[in-house]
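Here is the structure we will look at.
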Amino acid sequence: MMALSPIITAKNLKVGYGQLTVLENINFSIYPGDMICLMGHNGCGKTTILRTLSRFLQKLDGEIDVKNKAIDKWSDLDYAKIISIVLTEKASDTHLLVNDLIELGRYPYTNFMGKLGSPDKKIVDQAIELLGISHLLSKKVDELSDGQRQKVFIARALAQDTNILLLDEPTTFLDLPGKLEILGILKKIAIEKKVAVLFSSHDWQLILELASWIWLIDQKGGMKAGVPEDFIINGDFEKCFHHPQFVFDDEIGIFKEKKENEFVVSLVGEDNKSKIWTKHLLRKESFRVLECNTPGYPVIQIVSNNRDTNYWEISHDQKKIKVNTLEDLLVILKTEFLVQTH
């Protein structure tokens, strides 16, 4: 099997605006089928990298090779056959019908004024089918919801039939189902079409599940590439988004409020979904959870009955209380059983 060659390689790259350097000493490669998420705090340079790769901005220094050719040596039309981009900014062509907007994705092959041939129409139809938007084709883009509009712009970029798809915060303004759907579509594009997908996002927990790689930009302007799980284990993610009022829980992958006093409980019972989500709730509420019966601290026993349901039994200092929901468990813990760690 032949080794994959990178589509883009950057060495000692410096990006920014005019005399303003935003990021420097950046090195990376992008391969077919990569699903890469750019992450970092607001203003760190995520959009600047995307705009530089799309040639909306000129690099300030360093090298960017695209298919073994310097980025500035490509003609506009030929480059548009390699990279397509979806931005968060409001587009000026939303008065168009959905079908017409998607067909514009074929402009590198028809020079805007050209008529679409059968191969072009086939590619457009495939993009429409993949995004599941055939029922929207006769609508105007400005009549669509945020989620529908995002699908349409991704379909247009997909119709461009490029090697790399760049997206600037594609899940902004979407509800949770919309975010999941868009990221799932991008994952499918990367896997099935071997298109490299590079996008920026702040949706950490979704990215942890869906992104193969992360480019993490820290608060000092450095960028590291790796798998998200490594960034959790080595502490880079917490350092990147450090805030004095919050702490990153590296077992469940969330930030939670930092509290001066920590309360401790023991949690025992079968390893099932009730235990998983009991632990999740307790850790989210800043309890330290010991998964064994430890003297001196309240014990939460998850008990399963014959009806495939659970109840929780809390005991400490000869006091025992039974509850049927996690909401009740939390209330009882905070009012009856709080024991601080020393």
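Ordered as shown in the structure tokens, chains take letters A, B, and onward, while each chain numbers its residues from 1 and ligands are numbered from 1 in the order shown.
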Quiz item: Quick one: residues within 8 Å of stretch 196-210 of chain A, only C-alpha atoms counted, chain neighbours fewer than 4 positions away excluded, as an NGL selection string?
Solution: :A and (30-40 or 46-47 or 163-171 or 180 or 183-184 or 186-187 or 189-190 or 228-229 or 253-254)
Practice problem: Please report, as a PyMOL selection string, each residue of stretch 45-286 of chain A to which DSSP assigns alpha helix (DSSP H) when run on this structure's backbone. | Solution: chain A and resi 46-53+76-79+98-103+107-110+118-131+146-159+176-193+204-210+228-233+236-240+273-284
Practice problem: Excluding A:Phe237 and residues on its chain fewer than 2 positions from it, collect all residues at most 10 Å away from it, counting only C-alpha atoms, and give them as a list in words. | Solution: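 Near neighbours after the sequence-gap exclusion: Met39, Gly40, Trp204, Leu216, Ile217, Asp218, Pro228, Glu229, Asp230, Phe231, Ile232, Ile233, Asn234, Gly235, Lys239, Cys240, Phe241, His242, Phe248, Asp250 and Gly253 of chain A.
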Exercise. Based on DSSP run over this structure's backbone, return all residues of stretch 61-306 of chain A in strand (DSSP E), as JSON, numbers by chain.
Key: {"A": [61, 62, 63, 64, 65, 66, 69, 70, 83, 84, 85, 86, 164, 165, 166, 167, 196, 197, 198, 199, 200, 213, 214, 215, 216, 217, 223, 224, 225, 226, 246, 247, 248, 249, 254, 255, 256, 257, 263, 264, 265, 266, 267, 268, 287, 288, 289, 290, 299, 300, 301, 302, 303, 304]}
Selected residues written out with N, CA and C atoms, as a compact mmCIF listing (two decimals), in the first residue's frame:
```txt
# COMPACT_ATOMS: atom_id res chain seq x y z
N ASP A 61 5.12 35.06 6.41
CA ASP A 61 6.44 34.44 6.24
C ASP A 61 6.27 32.93 6.28
N GLY A 62 7.32 32.22 5.92
CA GLY A 62 7.29 30.77 5.94
C GLY A 62 6.83 30.17 4.62
N GLU A 63 6.58 28.87 4.64
CA GLU A 63 6.22 28.15 3.43
C GLU A 63 4.88 27.44 3.58
N ILE A 64 4.08 27.49 2.52
CA ILE A 64 2.89 26.66 2.40
C ILE A 64 2.94 26.00 1.02
N ASP A 65 3.08 24.70 1.01
CA ASP A 65 3.07 23.96 -0.25
C ASP A 65 1.75 23.21 -0.38
N VAL A 66 1.12 23.36 -1.52
CA VAL A 66 -0.15 22.71 -1.82
C VAL A 66 0.09 21.76 -2.99
N LYS A 69 3.46 22.31 -4.48
CA LYS A 69 3.63 23.55 -5.23
C LYS A 69 3.33 24.71 -4.30
N ALA A 70 4.13 25.75 -4.34
CA ALA A 70 3.93 26.90 -3.46
C ALA A 70 2.53 27.46 -3.62
N ILE A 83 -9.30 23.72 -2.81
CA ILE A 83 -9.80 24.15 -1.50
C ILE A 83 -11.11 24.91 -1.64
N SER A 84 -12.09 24.53 -0.83
CA SER A 84 -13.34 25.27 -0.72
C SER A 84 -13.51 25.69 0.73
N ILE A 85 -14.28 26.76 0.97
CA ILE A 85 -14.40 27.31 2.32
C ILE A 85 -15.83 27.72 2.62
N VAL A 86 -16.24 27.51 3.86
CA VAL A 86 -17.55 27.95 4.35
C VAL A 86 -17.27 28.85 5.55
N ILE A 164 -9.82 19.69 -0.04
CA ILE A 164 -9.90 20.19 1.33
C ILE A 164 -11.12 21.08 1.49
N LEU A 165 -11.81 20.90 2.60
CA LEU A 165 -12.96 21.73 2.95
C LEU A 165 -12.63 22.48 4.24
N LEU A 166 -12.62 23.80 4.17
CA LEU A 166 -12.35 24.65 5.32
C LEU A 166 -13.67 25.25 5.82
N LEU A 167 -13.87 25.24 7.14
CA LEU A 167 -15.09 25.80 7.71
C LEU A 167 -14.76 26.59 8.97
N ALA A 196 -10.22 16.15 3.07
CA ALA A 196 -9.71 16.64 4.34
C ALA A 196 -10.61 17.78 4.82
N VAL A 197 -11.04 17.70 6.07
CA VAL A 197 -11.93 18.71 6.65
C VAL A 197 -11.20 19.41 7.79
N LEU A 198 -11.02 20.72 7.65
CA LEU A 198 -10.39 21.54 8.69
C LEU A 198 -11.40 22.60 9.11
N PHE A 199 -11.77 22.60 10.39
CA PHE A 199 -12.78 23.54 10.86
C PHE A 199 -12.43 24.05 12.25
N SER A 200 -12.93 25.22 12.58
CA SER A 200 -12.73 25.78 13.92
C SER A 200 -14.00 25.57 14.73
N TRP A 213 -8.28 14.74 14.87
CA TRP A 213 -7.12 15.54 15.24
C TRP A 213 -7.57 16.91 15.72
N ILE A 214 -6.74 17.51 16.56
CA ILE A 214 -6.97 18.88 17.00
C ILE A 214 -5.69 19.68 16.79
N TRP A 215 -5.86 20.90 16.29
CA TRP A 215 -4.79 21.88 16.32
C TRP A 215 -5.13 22.83 17.45
N LEU A 216 -4.37 22.77 18.51
CA LEU A 216 -4.67 23.53 19.73
C LEU A 216 -3.75 24.74 19.81
N ILE A 217 -4.36 25.93 19.81
CA ILE A 217 -3.61 27.18 19.89
C ILE A 217 -3.65 27.67 21.33
N MET A 223 1.06 26.57 18.65
CA MET A 223 0.06 25.63 18.16
C MET A 223 0.61 24.21 18.19
N LYS A 224 -0.18 23.31 18.78
CA LYS A 224 0.19 21.90 18.84
C LYS A 224 -0.86 21.09 18.09
N ALA A 225 -0.40 20.05 17.40
CA ALA A 225 -1.31 19.15 16.70
C ALA A 225 -1.27 17.78 17.38
N GLY A 226 -2.44 17.17 17.54
CA GLY A 226 -2.49 15.86 18.16
C GLY A 226 -3.91 15.38 18.32
N PHE A 246 -12.31 28.43 37.22
CA PHE A 246 -12.77 27.11 36.79
C PHE A 246 -11.61 26.13 36.76
N VAL A 247 -11.96 24.86 36.87
CA VAL A 247 -10.98 23.79 36.79
C VAL A 247 -11.49 22.75 35.80
N PHE A 248 -10.58 22.13 35.05
CA PHE A 248 -10.96 21.13 34.07
C PHE A 248 -10.96 19.75 34.70
N ASP A 249 -12.10 19.06 34.62
CA ASP A 249 -12.21 17.70 35.13
C ASP A 249 -11.79 16.75 34.01
N ILE A 254 -15.02 18.13 31.23
CA ILE A 254 -15.77 19.37 31.33
C ILE A 254 -15.05 20.32 32.29
N PHE A 255 -15.30 21.62 32.09
CA PHE A 255 -14.86 22.61 33.06
C PHE A 255 -15.95 22.77 34.11
N LYS A 256 -15.53 22.96 35.34
CA LYS A 256 -16.48 23.19 36.41
C LYS A 256 -15.93 24.26 37.34
N GLU A 257 -16.83 24.86 38.09
CA GLU A 257 -16.44 25.94 38.97
C GLU A 257 -15.47 25.46 40.04
N PHE A 263 -16.25 18.48 48.76
CA PHE A 263 -17.01 17.50 49.52
C PHE A 263 -16.79 16.11 48.93
N VAL A 264 -16.75 15.12 49.81
CA VAL A 264 -16.36 13.77 49.41
C VAL A 264 -17.49 12.80 49.67
N VAL A 265 -17.74 11.90 48.71
CA VAL A 265 -18.72 10.82 48.90
C VAL A 265 -18.12 9.53 48.36
N SER A 266 -18.62 8.40 48.88
CA SER A 266 -18.28 7.09 48.32
C SER A 266 -19.44 6.63 47.46
N LEU A 267 -19.14 6.05 46.30
CA LEU A 267 -20.18 5.58 45.39
C LEU A 267 -19.94 4.10 45.11
N VAL A 268 -20.93 3.28 45.41
CA VAL A 268 -20.81 1.84 45.18
C VAL A 268 -22.04 1.34 44.44
N PHE A 287 -18.22 17.40 43.78
CA PHE A 287 -17.95 16.36 44.78
C PHE A 287 -16.74 15.55 44.32
N ARG A 288 -15.94 15.12 45.27
CA ARG A 288 -14.89 14.14 44.96
C ARG A 288 -15.49 12.77 45.21
N VAL A 289 -15.46 11.93 44.19
CA VAL A 289 -16.14 10.64 44.24
C VAL A 289 -15.12 9.52 44.46
N LEU A 290 -15.29 8.78 45.55
CA LEU A 290 -14.47 7.61 45.83
C LEU A 290 -15.29 6.37 45.48
N VAL A 299 -21.92 7.27 52.07
CA VAL A 299 -21.88 6.20 51.07
C VAL A 299 -23.17 6.24 50.27
N ILE A 300 -23.04 6.28 48.94
CA ILE A 300 -24.20 6.21 48.05
C ILE A 300 -24.21 4.82 47.43
N GLN A 301 -25.24 4.08 47.72
CA GLN A 301 -25.41 2.72 47.17
C GLN A 301 -26.48 2.76 46.11
N ILE A 302 -26.12 2.35 44.88
CA ILE A 302 -27.11 2.26 43.80
C ILE A 302 -27.68 0.86 43.83
N VAL A 303 -28.99 0.78 44.03
CA VAL A 303 -29.66 -0.51 44.20
C VAL A 303 -30.60 -0.75 43.03
N SER A 304 -30.45 -1.89 42.37
CA SER A 304 -31.34 -2.27 41.27
C SER A 304 -32.42 -3.18 41.81
```
Practice problem: Go ahead and compute the interatomic distance for atom CA of A:Leu23 and atom CA of A:Asn42, in Å to one decimal. | Solution: 13.5 Å
Practice problem: Please indicate the distance in Å from atom CA of A:Leu13 to atom CA of A:Ile49, rounded to one decimal place. | Solution: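 Result for atom CA of A:Leu13 versus atom CA of A:Ile49: 9.7 Å, one decimal.
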Quiz item: Nearest to A:Arg156: which of A:His95, A:Lys194, A:Lys81, A:Arg106 is it, counting only C-alpha atoms?
Solution: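 Residue with the minimum atom-to-atom distance to A:Arg156: A:Arg106.
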Exercise. May I ask for the distance between atom CA of A:Lys115 and atom CA of A:Phe153, given in Å to one decimal place?
Key: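 Between atom CA of A:Lys115 and atom CA of A:Phe153 the gap is 20.6 Å.
Near A:Gly43, within a cut-off of 10 Å and counting only C-alpha atoms, sit the residues Val22, Thr47, Thr48 and Gln219 of chain A, with same-chain residues fewer than 4 positions away left out.
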For those residues, write all heavy atoms to a file as an mmCIF file, in the first residue's frame.
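After the write, again-v8.cif holds the following:
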```
data_model
loop_
_atom_site.group_PDB
_atom_site.id
_atom_site.type_symbol
_atom_site.label_atom_id
_atom_site.label_comp_id
_atom_site.auth_asym_id
_atom_site.auth_seq_id
_atom_site.Cartn_x
_atom_site.Cartn_y
_atom_site.Cartn_z
ATOM 1 N N VAL A 22 -0.111 37.339 14.112
ATOM 2 C CA VAL A 22 -1.050 36.662 15.002
ATOM 3 C C VAL A 22 -0.470 35.344 15.490
ATOM 4 O O VAL A 22 -0.521 35.023 16.680
ATOM 5 C CB VAL A 22 -2.408 36.425 14.294
ATOM 6 C CG1 VAL A 22 -3.364 35.656 15.206
ATOM 7 C CG2 VAL A 22 -3.031 37.755 13.881
ATOM 8 N N THR A 47 -9.372 31.811 12.767
ATOM 9 C CA THR A 47 -9.887 32.309 11.490
ATOM 10 C C THR A 47 -8.751 32.797 10.602
ATOM 11 O O THR A 47 -8.806 32.643 9.374
ATOM 12 C CB THR A 47 -10.891 33.452 11.742
ATOM 13 O OG1 THR A 47 -11.979 32.954 12.519
ATOM 14 C CG2 THR A 47 -11.438 33.997 10.429
ATOM 15 N N THR A 48 -7.700 33.347 11.203
ATOM 16 C CA THR A 48 -6.554 33.826 10.428
ATOM 17 C C THR A 48 -5.889 32.682 9.669
ATOM 18 O O THR A 48 -5.507 32.834 8.497
ATOM 19 C CB THR A 48 -5.533 34.506 11.353
ATOM 20 O OG1 THR A 48 -6.183 35.493 12.145
ATOM 21 C CG2 THR A 48 -4.428 35.165 10.545
ATOM 22 N N GLN A 219 -2.461 30.099 24.780
ATOM 23 C CA GLN A 219 -2.573 31.527 25.068
ATOM 24 C C GLN A 219 -1.272 32.287 24.821
ATOM 25 O O GLN A 219 -1.246 33.511 24.888
ATOM 26 C CB GLN A 219 -3.046 31.723 26.514
ATOM 27 C CG GLN A 219 -4.438 31.161 26.759
ATOM 28 C CD GLN A 219 -5.006 31.554 28.107
ATOM 29 O OE1 GLN A 219 -4.661 32.577 28.664
ATOM 30 N NE2 GLN A 219 -5.916 30.744 28.627
#
```
Quiz item: Which residue gives the smallest distance to A:Asn12 among A:Gly296, A:Leu104, A:Ile154, A:Gly222, with only C-alpha atoms counted?
Solution: A:Gly222
Quiz item: Which residues, written as a list of chain:residue names, have at least one atom at most 10 Å from stretch 173-177 of chain A, with only C-alpha atoms counted and residues fewer than 6 positions away on the same chain left out?
Solution: A:Thr88, A:Ser145, A:Asp146, A:Gly147, A:Gln148, A:Gln150, A:Leu206
